There are 2 protein chains.
Amino acid sequence: MINSVVFYQTMNDKSETEKKIFEAARDVFHRRGFDGARMQEIADKAKINKALLHYYYRSKDKLFEAVFREALKRIGPIMFEALDREVPLEKKLKMFVSNYIDLVTKHPFIPGFIMHEMHTNKTRFKTFLKENKHGIIKLNKLKSQLKEGIDKGQYKNVSVEQLIINVFSLCAFPFAARPVFQTVLDIDDAGYRKVLEERKKLIPEIILMSLKK
Amino acid sequence: MINSVVFYQTMNDKSETEKKIFEAARDVFHRRGFDGARMQEIADKAKINKALLHYYYRSKDKLFEAVFREALKRIGPIMFEALDREVPLEKKLKMFVSNYIDLVTKHPFIPGFIMHEMHTNKTRFKTFLKENKHGIIKLNKLKSQLKEGIDKGQYKNVSVEQLIINVFSLCAFPFAARPVFQTVLDIDDAGYRKVLEERKKLIPEIILMSLKK
DNA sequence: GTATATTTTAACCATATGGTTAAACCTAAT
DNA sequence: ATTAGGTTTAACCATATGGTTAAAATATAC
């Protein structure tokens with residue numbers, strides 16, 4: 001038995017096969033969610049035998065956990081750290097939005113994936129966040145920046161929580177609900193990509209507008 | 001065999017048992033999604049035998065379809081019609097947001113449910129929308145109102161599509177991603193309810209602000 | 001080249017799950 | 001009371017699915 005079931009090691013240590021398996025698993029889990037994913041489909045996609053999945057990752061749960069952790073690890077720095085940096089608020093928001101949209105463009109299923117798994121298994125998320133040290137968004141810097149602006153009479157009196165919710169909603173939902181929007185607004189793939197790209201400029205504008213007096 | 005598999009009839013025609021089944025099914029499907037839902041759990045929740053499910057609704061697919069259709073029927077009038085009414089734009093937006101939040105407060109799983117099922121089975125949604133005549137949001141009225149405001153120099157030049165995406169994102173995402181937000185922002189249930197209630201005022205403000213020059 | 005360890009496979013297994021069937025059980029009309 | 005219709009149940013069935021095992025294949029060390 002290979003030692004790769006251990007999670008703290010980096011991808012570099014993984015064998016080619018293990019990478020293939022992981023990527024196939026990520027693809028399938030992201031698309032279908034835990035319940036919808038079939039070990040057979042993952043095996044097929046990785047072009048290996050189903051038993052190999054259990055050789056590298058002992059169970060569906062373990063394999064899923066690896067995928068789920070990676071997803072959180074990807075958005076973690078953006079979600080939990082980017083907003084806490086020592087950067088002027090307006091610039092920070094622009095950077096955040098741009099980075100988030102770029103990341104999720106590369107992994108478009110992440111928002112929906114995390115949301116759905118959170119709904120069906122809240123404990124998993126909480127456990128992971130807690131052990132990962134950045135379980136709760138560090139709002140200190142953002143809070144003080146906001147307060148400063150409010151005290152100066154520059155910004156309106158908005159809570160950090162609402163601000164965060166607004167930013168994430170405007171960024172993530174167009175990805176999570178993409179099929180709904182595309183259908184309902186009758187937009188093709190190319191058109192929707194353009195819409196998403198436009199939002200890199202649009203969202204910071206909206207957020208800053210909503211802050212200013 | 002009862003005639004209730006037919007979908008166009010109203011709830012009134014349904015027997016008590018059938019209602020019990022449907023409500024149990026709705027609950028389970030909304031929470032767990034199609035793949036995560038177990039017929040046994042639905043039966044247990046409805047306090048009937050599993051075979052009765054198949055007596056009233058021939059298959060899991062049929063039962064799911066009924067639930068899915070009802071969800072769309074609920075949000076349909078709001079999503080597809082409310083925005084097309086002959087009401088001043090600003091008032092319309094306020095009404096929409098308030099109605100949407102009220103509805104989804106009653107059925108908090110609907111946004112996530114629809115989003116997830118859309119991702120895993122796009123055709124189902126499209127088929128349903130097409131046959132239901134309001135498959136595509138009627139944007140005519142909204143479009144002309146927006147154009148009017150732009151021509152008057154009152155509004156900025158924003159596309160209807162971005163406007164709709166913004167409104168829906170700000171309304172729906174806080175429900176769909178509720179567990180994520182609550183965890184990550186460390187807010188309890190009562191606190192989050194308050195946050196949601198606040199948004200009835202907040203969202204129209206943001207949207208109008210983002211429109212105005 | 002042979003022995004040893006690792007990787008991969010084919011064939012199985014146990015269980016969960018959607019679905020079926022035939023009989024029992026009402027209920028209302030005659 | 002009997003019958004006929006719809007309703008409900010217990011017991012089953014077939015299959016899909018996660019997981020196991022033992023052997024084959026391949027690489028690695030000596």
# chains A, B, ... in the order shown; residues from 1 in each chain; ligands from 1

$ calpha_fit_and_write --fixed "chain B" --moving "chain A" --output "PDB file with C-alpha atoms, in the first residue's frame"
ATOM      1  CA  MET A   1     -54.651   2.998 -10.018  1.00  0.00           C
ATOM      2  CA  ILE A   2     -55.561   6.509  -9.059  1.00  0.00           C
ATOM      3  CA  ASN A   3     -55.389   9.146 -11.772  1.00  0.00           C
ATOM      4  CA  SER A   4     -53.166  11.541  -9.885  1.00  0.00           C
ATOM      5  CA  VAL A   5     -49.980  10.827 -11.716  1.00  0.00           C
ATOM      6  CA  VAL A   6     -51.294  13.328 -14.210  1.00  0.00           C
ATOM      7  CA  PHE A   7     -49.611  16.582 -13.429  1.00  0.00           C
ATOM      8  CA  TYR A   8     -51.885  19.318 -14.598  1.00  0.00           C
ATOM      9  CA  GLN A   9     -54.442  18.803 -11.924  1.00  0.00           C
ATOM     10  CA  THR A  10     -54.275  20.871  -8.788  1.00  0.00           C
ATOM     11  CA  MET A  11     -53.407  19.790  -5.294  1.00  0.00           C
ATOM     12  CA  ASN A  12     -57.086  19.920  -4.358  1.00  0.00           C
ATOM     13  CA  ASP A  13     -57.823  16.769  -6.291  1.00  0.00           C
ATOM     14  CA  LYS A  14     -55.187  14.863  -4.421  1.00  0.00           C
ATOM     15  CA  SER A  15     -56.033  12.484  -1.637  1.00  0.00           C
ATOM     16  CA  GLU A  16     -54.662  13.049   1.819  1.00  0.00           C
ATOM     17  CA  THR A  17     -52.201  10.234   1.352  1.00  0.00           C
ATOM     18  CA  GLU A  18     -50.994  11.650  -1.895  1.00  0.00           C
ATOM     19  CA  LYS A  19     -50.449  15.031  -0.305  1.00  0.00           C
ATOM     20  CA  LYS A  20     -48.526  13.430   2.531  1.00  0.00           C
ATOM     21  CA  ILE A  21     -46.357  11.617   0.015  1.00  0.00           C
ATOM     22  CA  PHE A  22     -45.767  14.689  -2.061  1.00  0.00           C
ATOM     23  CA  GLU A  23     -44.793  16.818   0.893  1.00  0.00           C
ATOM     24  CA  ALA A  24     -42.431  14.186   2.208  1.00  0.00           C
ATOM     25  CA  ALA A  25     -40.935  13.819  -1.246  1.00  0.00           C
ATOM     26  CA  ARG A  26     -40.528  17.548  -1.615  1.00  0.00           C
ATOM     27  CA  ASP A  27     -38.788  17.755   1.693  1.00  0.00           C
ATOM     28  CA  VAL A  28     -36.382  14.933   0.942  1.00  0.00           C
ATOM     29  CA  PHE A  29     -35.645  15.925  -2.667  1.00  0.00           C
ATOM     30  CA  HIS A  30     -35.109  19.552  -1.718  1.00  0.00           C
ATOM     31  CA  ARG A  31     -32.714  18.605   1.028  1.00  0.00           C
ATOM     32  CA  ARG A  32     -30.769  15.819  -0.613  1.00  0.00           C
ATOM     33  CA  GLY A  33     -31.221  16.273  -4.353  1.00  0.00           C
ATOM     34  CA  PHE A  34     -32.311  13.530  -6.704  1.00  0.00           C
ATOM     35  CA  ASP A  35     -29.256  11.324  -6.231  1.00  0.00           C
ATOM     36  CA  GLY A  36     -29.165  11.686  -2.480  1.00  0.00           C
ATOM     37  CA  ALA A  37     -32.872  11.047  -1.970  1.00  0.00           C
ATOM     38  CA  ARG A  38     -34.006   7.565  -0.911  1.00  0.00           C
ATOM     39  CA  MET A  39     -37.502   6.299  -1.617  1.00  0.00           C
ATOM     40  CA  GLN A  40     -37.421   4.650   1.792  1.00  0.00           C
ATOM     41  CA  GLU A  41     -36.777   7.950   3.538  1.00  0.00           C
ATOM     42  CA  ILE A  42     -39.676   9.534   1.705  1.00  0.00           C
ATOM     43  CA  ALA A  43     -41.940   6.654   2.665  1.00  0.00           C
ATOM     44  CA  ASP A  44     -40.855   6.841   6.294  1.00  0.00           C
ATOM     45  CA  LYS A  45     -41.397  10.574   6.408  1.00  0.00           C
ATOM     46  CA  ALA A  46     -44.871  10.165   4.910  1.00  0.00           C
ATOM     47  CA  LYS A  47     -45.512   7.303   7.345  1.00  0.00           C
ATOM     48  CA  ILE A  48     -46.574   4.902   4.631  1.00  0.00           C
ATOM     49  CA  ASN A  49     -45.301   1.808   2.927  1.00  0.00           C
ATOM     50  CA  LYS A  50     -42.682   2.161   0.239  1.00  0.00           C
ATOM     51  CA  ALA A  51     -44.917   0.414  -2.274  1.00  0.00           C
ATOM     52  CA  LEU A  52     -47.471   3.173  -1.903  1.00  0.00           C
ATOM     53  CA  LEU A  53     -45.032   5.602  -3.412  1.00  0.00           C
ATOM     54  CA  HIS A  54     -45.037   3.515  -6.544  1.00  0.00           C
ATOM     55  CA  TYR A  55     -48.783   3.218  -6.410  1.00  0.00           C
ATOM     56  CA  TYR A  56     -49.279   6.979  -6.516  1.00  0.00           C
ATOM     57  CA  TYR A  57     -46.178   7.955  -8.449  1.00  0.00           C
ATOM     58  CA  ARG A  58     -44.936   5.209 -10.648  1.00  0.00           C
ATOM     59  CA  SER A  59     -41.221   5.807 -10.232  1.00  0.00           C
ATOM     60  CA  LYS A  60     -38.637   7.921  -8.475  1.00  0.00           C
ATOM     61  CA  ASP A  61     -38.267   9.903 -11.683  1.00  0.00           C
ATOM     62  CA  LYS A  62     -41.972  10.682 -11.855  1.00  0.00           C
ATOM     63  CA  LEU A  63     -42.091  11.690  -8.213  1.00  0.00           C
ATOM     64  CA  PHE A  64     -39.059  13.869  -8.638  1.00  0.00           C
ATOM     65  CA  GLU A  65     -40.523  15.466 -11.692  1.00  0.00           C
ATOM     66  CA  ALA A  66     -43.635  16.425  -9.762  1.00  0.00           C
ATOM     67  CA  VAL A  67     -41.501  18.027  -7.063  1.00  0.00           C
ATOM     68  CA  PHE A  68     -39.261  19.778  -9.545  1.00  0.00           C
ATOM     69  CA  ARG A  69     -42.211  21.137 -11.462  1.00  0.00           C
ATOM     70  CA  GLU A  70     -43.799  22.460  -8.329  1.00  0.00           C
ATOM     71  CA  ALA A  71     -40.607  24.239  -7.368  1.00  0.00           C
ATOM     72  CA  LEU A  72     -40.440  25.899 -10.763  1.00  0.00           C
ATOM     73  CA  LYS A  73     -44.118  26.714 -10.625  1.00  0.00           C
ATOM     74  CA  ARG A  74     -43.572  28.507  -7.351  1.00  0.00           C
ATOM     75  CA  ILE A  75     -40.707  30.683  -8.462  1.00  0.00           C
ATOM     76  CA  GLY A  76     -42.026  30.968 -12.010  1.00  0.00           C
ATOM     77  CA  PRO A  77     -44.430  33.849 -11.470  1.00  0.00           C
ATOM     78  CA  ILE A  78     -41.756  35.738  -9.577  1.00  0.00           C
ATOM     79  CA  MET A  79     -38.889  34.915 -11.878  1.00  0.00           C
ATOM     80  CA  PHE A  80     -40.653  35.182 -15.187  1.00  0.00           C
ATOM     81  CA  GLU A  81     -43.555  37.525 -14.745  1.00  0.00           C
ATOM     82  CA  ALA A  82     -43.024  39.974 -11.897  1.00  0.00           C
ATOM     83  CA  LEU A  83     -40.274  41.769 -13.786  1.00  0.00           C
ATOM     84  CA  ASP A  84     -42.406  42.210 -16.868  1.00  0.00           C
ATOM     85  CA  ARG A  85     -45.265  44.077 -15.179  1.00  0.00           C
ATOM     86  CA  GLU A  86     -46.490  47.585 -15.886  1.00  0.00           C
ATOM     87  CA  VAL A  87     -45.028  49.092 -12.731  1.00  0.00           C
ATOM     88  CA  PRO A  88     -42.356  51.788 -12.308  1.00  0.00           C
ATOM     89  CA  LEU A  89     -38.909  50.228 -12.353  1.00  0.00           C
ATOM     90  CA  GLU A  90     -37.885  51.204  -8.850  1.00  0.00           C
ATOM     91  CA  LYS A  91     -41.082  49.988  -7.258  1.00  0.00           C
ATOM     92  CA  LYS A  92     -40.899  46.824  -9.322  1.00  0.00           C
ATOM     93  CA  LEU A  93     -37.442  45.990  -8.030  1.00  0.00           C
ATOM     94  CA  LYS A  94     -38.463  46.558  -4.439  1.00  0.00           C
ATOM     95  CA  MET A  95     -41.506  44.335  -4.844  1.00  0.00           C
ATOM     96  CA  PHE A  96     -39.538  41.657  -6.582  1.00  0.00           C
ATOM     97  CA  VAL A  97     -36.870  41.456  -3.916  1.00  0.00           C
ATOM     98  CA  SER A  98     -39.364  41.453  -1.086  1.00  0.00           C
ATOM     99  CA  ASN A  99     -41.518  38.770  -2.696  1.00  0.00           C
ATOM    100  CA  TYR A 100     -38.571  36.605  -3.613  1.00  0.00           C
ATOM    101  CA  ILE A 101     -37.091  36.710  -0.143  1.00  0.00           C
ATOM    102  CA  ASP A 102     -40.467  35.939   1.434  1.00  0.00           C
ATOM    103  CA  LEU A 103     -41.029  32.983  -0.866  1.00  0.00           C
ATOM    104  CA  VAL A 104     -37.593  31.520  -0.384  1.00  0.00           C
ATOM    105  CA  THR A 105     -37.765  32.041   3.347  1.00  0.00           C
ATOM    106  CA  LYS A 106     -40.719  29.647   3.257  1.00  0.00           C
ATOM    107  CA  HIS A 107     -38.909  27.184   0.965  1.00  0.00           C
ATOM    108  CA  PRO A 108     -35.251  27.789   1.686  1.00  0.00           C
ATOM    109  CA  PHE A 109     -33.964  24.829  -0.290  1.00  0.00           C
ATOM    110  CA  ILE A 110     -35.478  25.827  -3.615  1.00  0.00           C
ATOM    111  CA  PRO A 111     -32.571  27.889  -4.958  1.00  0.00           C
ATOM    112  CA  GLY A 112     -29.922  25.306  -4.176  1.00  0.00           C
ATOM    113  CA  PHE A 113     -32.191  22.493  -5.278  1.00  0.00           C
ATOM    114  CA  ILE A 114     -32.880  23.965  -8.694  1.00  0.00           C
ATOM    115  CA  MET A 115     -29.292  24.971  -9.218  1.00  0.00           C
ATOM    116  CA  HIS A 116     -27.937  21.548  -8.400  1.00  0.00           C
ATOM    117  CA  GLU A 117     -30.443  19.667 -10.488  1.00  0.00           C
ATOM    118  CA  MET A 118     -29.800  22.036 -13.348  1.00  0.00           C
ATOM    119  CA  HIS A 119     -26.129  21.258 -13.254  1.00  0.00           C
ATOM    120  CA  THR A 120     -26.613  17.520 -13.219  1.00  0.00           C
ATOM    121  CA  ASN A 121     -29.500  17.437 -15.666  1.00  0.00           C
ATOM    122  CA  LYS A 122     -29.760  20.461 -17.889  1.00  0.00           C
ATOM    123  CA  THR A 123     -32.234  18.952 -20.310  1.00  0.00           C
ATOM    124  CA  ARG A 124     -34.945  18.445 -17.699  1.00  0.00           C
ATOM    125  CA  PHE A 125     -35.040  22.153 -16.919  1.00  0.00           C
ATOM    126  CA  LYS A 126     -34.999  23.233 -20.526  1.00  0.00           C
ATOM    127  CA  THR A 127     -37.761  20.826 -21.471  1.00  0.00           C
ATOM    128  CA  PHE A 128     -39.932  21.983 -18.645  1.00  0.00           C
ATOM    129  CA  LEU A 129     -39.399  25.657 -19.310  1.00  0.00           C
ATOM    130  CA  LYS A 130     -40.203  25.297 -22.968  1.00  0.00           C
ATOM    131  CA  GLU A 131     -43.434  23.425 -22.438  1.00  0.00           C
ATOM    132  CA  ASN A 132     -44.445  25.899 -19.747  1.00  0.00           C
ATOM    133  CA  LYS A 133     -44.487  28.828 -22.130  1.00  0.00           C
ATOM    134  CA  HIS A 134     -42.441  31.126 -19.952  1.00  0.00           C
ATOM    135  CA  GLY A 135     -39.146  29.417 -20.581  1.00  0.00           C
ATOM    136  CA  ILE A 136     -37.382  32.630 -21.202  1.00  0.00           C
ATOM    137  CA  ILE A 137     -37.688  35.652 -18.971  1.00  0.00           C
ATOM    138  CA  LYS A 138     -39.803  38.271 -20.638  1.00  0.00           C
ATOM    139  CA  LEU A 139     -37.467  41.192 -20.680  1.00  0.00           C
ATOM    140  CA  ASN A 140     -39.424  43.520 -22.939  1.00  0.00           C
ATOM    141  CA  LYS A 141     -40.954  45.758 -20.315  1.00  0.00           C
ATOM    142  CA  LEU A 142     -37.827  45.841 -18.193  1.00  0.00           C
ATOM    143  CA  LYS A 143     -35.728  46.540 -21.253  1.00  0.00           C
ATOM    144  CA  SER A 144     -37.835  49.502 -22.338  1.00  0.00           C
ATOM    145  CA  GLN A 145     -37.942  50.905 -18.828  1.00  0.00           C
ATOM    146  CA  LEU A 146     -34.193  50.630 -18.600  1.00  0.00           C
ATOM    147  CA  LYS A 147     -33.716  52.185 -22.025  1.00  0.00           C
ATOM    148  CA  GLU A 148     -36.031  55.022 -21.121  1.00  0.00           C
ATOM    149  CA  GLY A 149     -34.018  55.764 -18.003  1.00  0.00           C
ATOM    150  CA  ILE A 150     -30.777  55.585 -19.953  1.00  0.00           C
ATOM    151  CA  ASP A 151     -32.065  57.906 -22.670  1.00  0.00           C
ATOM    152  CA  LYS A 152     -33.205  60.375 -20.048  1.00  0.00           C
ATOM    153  CA  GLY A 153     -29.673  60.349 -18.686  1.00  0.00           C
ATOM    154  CA  GLN A 154     -31.111  59.022 -15.431  1.00  0.00           C
ATOM    155  CA  TYR A 155     -29.535  55.586 -15.529  1.00  0.00           C
ATOM    156  CA  LYS A 156     -26.170  54.262 -16.528  1.00  0.00           C
ATOM    157  CA  ASN A 157     -25.797  52.099 -19.595  1.00  0.00           C
ATOM    158  CA  VAL A 158     -26.228  48.641 -18.047  1.00  0.00           C
ATOM    159  CA  SER A 159     -27.404  45.558 -19.914  1.00  0.00           C
ATOM    160  CA  VAL A 160     -30.642  43.926 -18.783  1.00  0.00           C
ATOM    161  CA  GLU A 161     -28.812  40.650 -18.504  1.00  0.00           C
ATOM    162  CA  GLN A 162     -26.296  41.979 -16.005  1.00  0.00           C
ATOM    163  CA  LEU A 163     -29.083  43.668 -14.094  1.00  0.00           C
ATOM    164  CA  ILE A 164     -31.053  40.437 -13.781  1.00  0.00           C
ATOM    165  CA  ILE A 165     -27.977  38.483 -12.811  1.00  0.00           C
ATOM    166  CA  ASN A 166     -27.185  41.021 -10.114  1.00  0.00           C
ATOM    167  CA  VAL A 167     -30.662  41.021  -8.643  1.00  0.00           C
ATOM    168  CA  PHE A 168     -30.940  37.246  -8.564  1.00  0.00           C
ATOM    169  CA  SER A 169     -27.430  36.793  -7.231  1.00  0.00           C
ATOM    170  CA  LEU A 170     -28.013  39.170  -4.341  1.00  0.00           C
ATOM    171  CA  CYS A 171     -31.374  37.558  -3.567  1.00  0.00           C
ATOM    172  CA  ALA A 172     -30.760  33.869  -4.077  1.00  0.00           C
ATOM    173  CA  PHE A 173     -27.159  33.232  -3.147  1.00  0.00           C
ATOM    174  CA  PRO A 174     -27.525  34.076   0.548  1.00  0.00           C
ATOM    175  CA  PHE A 175     -30.046  31.227   0.694  1.00  0.00           C
ATOM    176  CA  ALA A 176     -28.217  28.779  -1.513  1.00  0.00           C
ATOM    177  CA  ALA A 177     -24.950  29.307   0.315  1.00  0.00           C
ATOM    178  CA  ARG A 178     -26.442  29.845   3.729  1.00  0.00           C
ATOM    179  CA  PRO A 179     -24.487  27.106   5.498  1.00  0.00           C
ATOM    180  CA  VAL A 180     -21.251  28.438   4.040  1.00  0.00           C
ATOM    181  CA  PHE A 181     -21.951  32.000   5.101  1.00  0.00           C
ATOM    182  CA  GLN A 182     -23.162  31.067   8.535  1.00  0.00           C
ATOM    183  CA  THR A 183     -20.076  28.994   9.202  1.00  0.00           C
ATOM    184  CA  VAL A 184     -17.575  31.333   7.675  1.00  0.00           C
ATOM    185  CA  LEU A 185     -19.047  34.487   9.198  1.00  0.00           C
ATOM    186  CA  ASP A 186     -19.886  32.724  12.442  1.00  0.00           C
ATOM    187  CA  ILE A 187     -23.545  33.772  12.574  1.00  0.00           C
ATOM    188  CA  ASP A 188     -26.271  31.802  14.368  1.00  0.00           C
ATOM    189  CA  ASP A 189     -29.717  31.033  12.951  1.00  0.00           C
ATOM    190  CA  ALA A 190     -31.491  33.988  14.479  1.00  0.00           C
ATOM    191  CA  GLY A 191     -28.726  36.308  13.401  1.00  0.00           C
ATOM    192  CA  TYR A 192     -28.832  35.046   9.845  1.00  0.00           C
ATOM    193  CA  ARG A 193     -32.592  35.462   9.657  1.00  0.00           C
ATOM    194  CA  LYS A 194     -32.065  39.074  10.620  1.00  0.00           C
ATOM    195  CA  VAL A 195     -29.405  39.467   7.952  1.00  0.00           C
ATOM    196  CA  LEU A 196     -31.806  38.109   5.350  1.00  0.00           C
ATOM    197  CA  GLU A 197     -34.604  40.396   6.494  1.00  0.00           C
ATOM    198  CA  GLU A 198     -32.304  43.410   6.262  1.00  0.00           C
ATOM    199  CA  ARG A 199     -31.585  42.543   2.666  1.00  0.00           C
ATOM    200  CA  LYS A 200     -35.133  43.340   1.606  1.00  0.00           C
ATOM    201  CA  LYS A 201     -34.199  46.984   1.992  1.00  0.00           C
ATOM    202  CA  LEU A 202     -30.520  46.661   1.204  1.00  0.00           C
ATOM    203  CA  ILE A 203     -30.716  44.920  -2.170  1.00  0.00           C
ATOM    204  CA  PRO A 204     -33.025  47.425  -3.898  1.00  0.00           C
ATOM    205  CA  GLU A 205     -30.798  50.204  -2.598  1.00  0.00           C
ATOM    206  CA  ILE A 206     -27.732  48.569  -4.068  1.00  0.00           C
ATOM    207  CA  ILE A 207     -29.378  47.847  -7.393  1.00  0.00           C
ATOM    208  CA  LEU A 208     -30.814  51.345  -7.788  1.00  0.00           C
ATOM    209  CA  MET A 209     -27.517  52.876  -6.710  1.00  0.00           C
ATOM    210  CA  SER A 210     -25.737  50.803  -9.332  1.00  0.00           C
ATOM    211  CA  LEU A 211     -28.147  52.039 -11.986  1.00  0.00           C
ATOM    212  CA  LYS A 212     -28.091  55.726 -11.201  1.00  0.00           C
ATOM    213  CA  LYS A 213     -25.521  58.039 -12.635  1.00  0.00           C
TER     214      LYS A 213
END

$ closest_residue --among "C:DT30, C:DT21, C:DT2, C:DT7" --to "DA10 in chain D" --atoms "only C-alpha atoms (C1' of nucleotides)"
C:DT21

$ residues_around --residues "DT15 in chain C" --least-positions-apart "4" --cutoff "12 Å" --atoms "only C-alpha atoms (C1' of nucleotides)" --output "ChimeraX atom specification"
/D:15-19

$ interface_residues --of "chain D" --to "chain B" --cutoff "12 Å" --atoms "only C-alpha atoms (C1' of nucleotides)" --output "list of chain:residue names"
D:DG5, D:DG6, D:DT7, D:DT8, D:DT9, D:DA10, D:DA11, D:DC12

$ write_last_selection --atoms "C-alpha atoms (C1' of nucleotides)" --output "compact mmCIF listing (two decimals), in the first residue's frame"
# COMPACT_ATOMS: atom_id res chain seq x y z
C1' DG D 5 -63.54 -0.52 -6.61
C1' DG D 6 -59.92 1.68 -4.91
C1' DT D 7 -56.15 1.56 -1.24
C1' DT D 8 -52.45 -0.41 1.60
C1' DT D 9 -49.29 -3.86 3.00
C1' DA D 10 -45.60 -7.59 3.44
C1' DA D 11 -42.66 -10.16 1.00
C1' DC D 12 -39.88 -10.40 -2.99

$ interface_residues --of "chain C" --to "chain A" --cutoff "12 Å" --atoms "only C-alpha atoms (C1' of nucleotides)" --output "list in words"
DA5, DT6, DT7, DT8, DT9, DA10, DA11 and DC12 of chain C

$ decode --residues "range 121-166 of chain A" --atoms "C-alpha atoms" --output "short mmCIF file (atom, residue, chain, number, x, y, z; two decimals), in the first residue's frame"
data_model
loop_
_atom_site.label_atom_id
_atom_site.label_comp_id
_atom_site.auth_asym_id
_atom_site.auth_seq_id
_atom_site.Cartn_x
_atom_site.Cartn_y
_atom_site.Cartn_z
CA ASN A 121 -23.26 17.51 5.04
CA LYS A 122 -22.64 20.57 7.14
CA THR A 123 -20.35 18.88 9.62
CA ARG A 124 -17.73 17.95 7.04
CA PHE A 125 -17.20 21.59 6.10
CA LYS A 126 -17.10 22.81 9.66
CA THR A 127 -14.63 20.14 10.71
CA PHE A 128 -12.35 20.92 7.84
CA LEU A 129 -12.45 24.65 8.35
CA LYS A 130 -11.68 24.35 12.02
CA GLU A 131 -8.69 22.09 11.57
CA ASN A 132 -7.41 24.32 8.78
CA LYS A 133 -7.01 27.31 11.04
CA HIS A 134 -8.79 29.75 8.77
CA GLY A 135 -12.26 28.46 9.47
CA ILE A 136 -13.63 31.88 9.96
CA ILE A 137 -12.98 34.76 7.60
CA LYS A 138 -10.57 37.17 9.16
CA LEU A 139 -12.54 40.35 9.09
CA ASN A 140 -10.32 42.52 11.25
CA LYS A 141 -8.55 44.45 8.54
CA LEU A 142 -11.65 44.82 6.41
CA LYS A 143 -13.64 45.88 9.44
CA SER A 144 -11.20 48.62 10.40
CA GLN A 145 -10.94 49.85 6.84
CA LEU A 146 -14.70 50.01 6.62
CA LYS A 147 -14.97 51.75 9.98
CA GLU A 148 -12.35 54.26 8.96
CA GLY A 149 -14.27 55.10 5.81
CA ILE A 150 -17.50 55.38 7.77
CA ASP A 151 -15.94 57.65 10.39
CA LYS A 152 -14.53 59.86 7.67
CA GLY A 153 -18.05 60.19 6.31
CA GLN A 154 -16.79 58.57 3.11
CA TYR A 155 -18.75 55.35 3.35
CA LYS A 156 -22.25 54.47 4.40
CA ASN A 157 -22.86 52.49 7.55
CA VAL A 158 -22.84 48.95 6.15
CA SER A 159 -22.03 45.83 8.14
CA VAL A 160 -19.01 43.78 7.07
CA GLU A 161 -21.21 40.74 6.93
CA GLN A 162 -23.56 42.25 4.38
CA LEU A 163 -20.61 43.52 2.40
CA ILE A 164 -19.03 40.07 2.22
CA ILE A 165 -22.32 38.45 1.33
CA ASN A 166 -22.82 40.95 -1.47
#
